[in-house]
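The block underneath contains the structure these notes are about, expressed in structure tokens.
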Amino acid sequence: MSISRSDDSTPSTVRGDRDAELFGRRFRRLIGVIYPDSLGRPYTDTEIAKHSGLSNQYIGKLRKGGSVPSLANAGRLARLFGVSTDYFLNAPDHPAVRSVERNLQAIENHRAGGVQRAGRRGAARAPEGGAAPREARSRQRGTLS
């Protein structure tokens with residue numbers, strides 16, 4: 001069995017494992033932070049599956065870092081949580097990743113401080129400072145549809 005290698009001589013299976021781990025870590029981060037205050041808990045895999053059109057088992061596999069989704073499926077999940085697919089696909093120093101992480105941290109800080117209104121903000125703002133998508137704002141109000 002041969003393993004294809006990239007230009008940096010890293011076996012593609014290793015890169016795939018790293019990519020799956022990175023996706024899983026960031027996906028878990030979104031799940032843990034972006035949920036409506038009225039729900040009082042993160043969404044379950046079943047709820048995410050229902051609203052993304054993906055299977056419950058597949059969501060669990062992604063959350064555990066066991067698989068790398070297709071770009072289309074990453075897009076479905078990114079839209080569901082109001083972030084860009086750039087958050088899932090790029091290095092930590094990428095502007096989109098830094099922007100989402102700042103907003104996630106702000107949500108966590110506001111929740112920890114008991115500020116309910118700020119906890120409803122969408123996590124994803126465009127790197128240039130644009131508003132979060134309407135869907136993200138609706139999800140934060142507990143109207144995930």
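If you're wondering about the labels, chains in the structure tokens are A, B, ... by order shown, residues count from 1 in each chain, ligands from 1 in order shown.
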
- Message: Let's see if you can do this: from backbone DSSP, list all alpha helix (DSSP H) residues in region 7-66 of chain A, as a ChimeraX atom specification.
- Response: /A:12-33,45-52,56-63

Would you mind exporting N, CA and C atoms of the selected residues as an mmCIF file, in the first residue's frame?
```cif
data_model
loop_
_atom_site.group_PDB
_atom_site.id
_atom_site.type_symbol
_atom_site.label_atom_id
_atom_site.label_comp_id
_atom_site.auth_asym_id
_atom_site.auth_seq_id
_atom_site.Cartn_x
_atom_site.Cartn_y
_atom_site.Cartn_z
ATOM 1 N N SER A 12 -0.376 11.774 3.109
ATOM 2 C CA SER A 12 -1.717 12.353 3.043
ATOM 3 C C SER A 12 -2.610 11.822 4.157
ATOM 4 N N THR A 13 -2.399 10.582 4.590
ATOM 5 C CA THR A 13 -3.216 10.062 5.685
ATOM 6 C C THR A 13 -2.925 10.808 6.977
ATOM 7 N N VAL A 14 -1.695 11.232 7.188
ATOM 8 C CA VAL A 14 -1.362 12.011 8.381
ATOM 9 C C VAL A 14 -1.998 13.387 8.281
ATOM 10 N N ARG A 15 -1.882 14.011 7.101
ATOM 11 C CA ARG A 15 -2.522 15.315 6.917
ATOM 12 C C ARG A 15 -4.018 15.184 7.144
ATOM 13 N N GLY A 16 -4.628 14.121 6.630
ATOM 14 C CA GLY A 16 -6.061 13.909 6.816
ATOM 15 C C GLY A 16 -6.424 13.776 8.278
ATOM 16 N N ASP A 17 -5.589 13.051 9.041
ATOM 17 C CA ASP A 17 -5.828 12.910 10.479
ATOM 18 C C ASP A 17 -5.726 14.258 11.174
ATOM 19 N N ARG A 18 -4.729 15.036 10.814
ATOM 20 C CA ARG A 18 -4.560 16.364 11.419
ATOM 21 C C ARG A 18 -5.721 17.274 11.051
ATOM 22 N N ASP A 19 -6.135 17.209 9.786
ATOM 23 C CA ASP A 19 -7.262 18.030 9.345
ATOM 24 C C ASP A 19 -8.535 17.640 10.086
ATOM 25 N N ALA A 20 -8.755 16.339 10.267
ATOM 26 C CA ALA A 20 -9.946 15.868 10.985
ATOM 27 C C ALA A 20 -9.907 16.334 12.432
ATOM 28 N N GLU A 21 -8.741 16.262 13.054
ATOM 29 C CA GLU A 21 -8.599 16.715 14.444
ATOM 30 C C GLU A 21 -8.869 18.212 14.560
ATOM 31 N N LEU A 22 -8.320 18.992 13.619
ATOM 32 C CA LEU A 22 -8.535 20.439 13.628
ATOM 33 C C LEU A 22 -10.012 20.751 13.425
ATOM 34 N N PHE A 23 -10.639 20.097 12.447
ATOM 35 C CA PHE A 23 -12.056 20.335 12.207
ATOM 36 C C PHE A 23 -12.855 19.990 13.458
ATOM 37 N N GLY A 24 -12.581 18.834 14.033
ATOM 38 C CA GLY A 24 -13.307 18.406 15.221
ATOM 39 C C GLY A 24 -13.152 19.374 16.375
ATOM 40 N N ARG A 25 -11.942 19.859 16.587
ATOM 41 C CA ARG A 25 -11.676 20.805 17.681
ATOM 42 C C ARG A 25 -12.464 22.098 17.477
ATOM 43 N N ARG A 26 -12.441 22.620 16.265
ATOM 44 C CA ARG A 26 -13.162 23.876 15.999
ATOM 45 C C ARG A 26 -14.669 23.667 16.010
ATOM 46 N N PHE A 27 -15.124 22.526 15.512
ATOM 47 C CA PHE A 27 -16.551 22.209 15.526
ATOM 48 C C PHE A 27 -17.045 22.108 16.969
ATOM 49 N N ARG A 28 -16.297 21.434 17.826
ATOM 50 C CA ARG A 28 -16.667 21.335 19.245
ATOM 51 C C ARG A 28 -16.700 22.707 19.898
ATOM 52 N N ARG A 29 -15.785 23.563 19.497
ATOM 53 C CA ARG A 29 -15.743 24.924 20.057
ATOM 54 C C ARG A 29 -17.027 25.672 19.702
ATOM 55 N N LEU A 30 -17.440 25.580 18.444
ATOM 56 C CA LEU A 30 -18.682 26.241 18.044
ATOM 57 C C LEU A 30 -19.875 25.659 18.795
ATOM 58 N N ILE A 31 -19.925 24.336 18.869
ATOM 59 C CA ILE A 31 -21.035 23.682 19.564
ATOM 60 C C ILE A 31 -21.099 24.133 21.020
ATOM 61 N N GLY A 32 -19.949 24.254 21.653
ATOM 62 C CA GLY A 32 -19.906 24.613 23.060
ATOM 63 C C GLY A 32 -20.254 26.050 23.365
ATOM 64 N N VAL A 33 -20.167 26.916 22.368
ATOM 65 C CA VAL A 33 -20.379 28.345 22.625
ATOM 66 C C VAL A 33 -21.650 28.883 21.979
ATOM 67 N N ASP A 45 -25.980 16.505 19.033
ATOM 68 C CA ASP A 45 -25.679 16.043 17.675
ATOM 69 C C ASP A 45 -26.962 15.861 16.875
ATOM 70 N N THR A 46 -27.994 15.360 17.525
ATOM 71 C CA THR A 46 -29.279 15.135 16.841
ATOM 72 C C THR A 46 -29.877 16.449 16.365
ATOM 73 N N GLU A 47 -29.816 17.488 17.195
ATOM 74 C CA GLU A 47 -30.347 18.793 16.794
ATOM 75 C C GLU A 47 -29.532 19.374 15.641
ATOM 76 N N ILE A 48 -28.226 19.244 15.706
ATOM 77 C CA ILE A 48 -27.372 19.748 14.630
ATOM 78 C C ILE A 48 -27.664 18.987 13.350
ATOM 79 N N ALA A 49 -27.802 17.669 13.450
ATOM 80 C CA ALA A 49 -28.091 16.843 12.275
ATOM 81 C C ALA A 49 -29.413 17.264 11.636
ATOM 82 N N LYS A 50 -30.424 17.446 12.451
ATOM 83 C CA LYS A 50 -31.747 17.828 11.943
ATOM 84 C C LYS A 50 -31.686 19.138 11.165
ATOM 85 N N HIS A 51 -30.948 20.105 11.694
ATOM 86 C CA HIS A 51 -30.933 21.431 11.078
ATOM 87 C C HIS A 51 -29.891 21.580 9.972
ATOM 88 N N SER A 52 -28.971 20.637 9.879
ATOM 89 C CA SER A 52 -27.964 20.713 8.820
ATOM 90 C C SER A 52 -28.270 19.769 7.663
ATOM 91 N N ASN A 56 -26.999 12.054 12.147
ATOM 92 C CA ASN A 56 -26.564 12.139 13.531
ATOM 93 C C ASN A 56 -25.198 11.459 13.710
ATOM 94 N N GLN A 57 -25.026 10.304 13.091
ATOM 95 C CA GLN A 57 -23.766 9.567 13.198
ATOM 96 C C GLN A 57 -22.614 10.348 12.579
ATOM 97 N N TYR A 58 -22.869 10.983 11.454
ATOM 98 C CA TYR A 58 -21.836 11.767 10.774
ATOM 99 C C TYR A 58 -21.442 12.977 11.618
ATOM 100 N N ILE A 59 -22.424 13.626 12.221
ATOM 101 C CA ILE A 59 -22.139 14.771 13.093
ATOM 102 C C ILE A 59 -21.254 14.317 14.250
ATOM 103 N N GLY A 60 -21.578 13.176 14.841
ATOM 104 C CA GLY A 60 -20.766 12.649 15.934
ATOM 105 C C GLY A 60 -19.343 12.355 15.515
ATOM 106 N N LYS A 61 -19.195 11.793 14.327
ATOM 107 C CA LYS A 61 -17.855 11.486 13.805
ATOM 108 C C LYS A 61 -17.055 12.766 13.575
ATOM 109 N N LEU A 62 -17.692 13.784 13.025
ATOM 110 C CA LEU A 62 -17.020 15.067 12.810
ATOM 111 C C LEU A 62 -16.642 15.710 14.134
ATOM 112 N N ARG A 63 -17.561 15.683 15.083
ATOM 113 C CA ARG A 63 -17.305 16.288 16.390
ATOM 114 C C ARG A 63 -16.123 15.626 17.090
#
```

- Task: Could you check how far CA of Leu80 (chain A) sits from CA of Lys64 (chain A), in Å to one decimal?
- Result: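 Calculated distance between CA of Leu80 (chain A) and CA of Lys64 (chain A) is 18.3 Å.
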
- Could you state the separation of CA of Arg76 (chain A) and CA of Asp93 (chain A) in Å, given to one decimal place?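 These two atoms are separated by 23.4 Å.
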
- Between A:Leu104, A:Leu77, A:Leu71, A:Ala112, which has the minimum distance to Leu89 (chain A) (counting only C-alpha atoms)?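 Among the listed residues, the smallest separation from Leu89 (chain A) belongs to A:Leu71.
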
- Query: For Asn73 (chain A), which residue among A:Ser99, A:Ser38, A:Asn109, A:Ser55 is the nearest when counting only C-alpha atoms?
  - Reply: A:Ser55
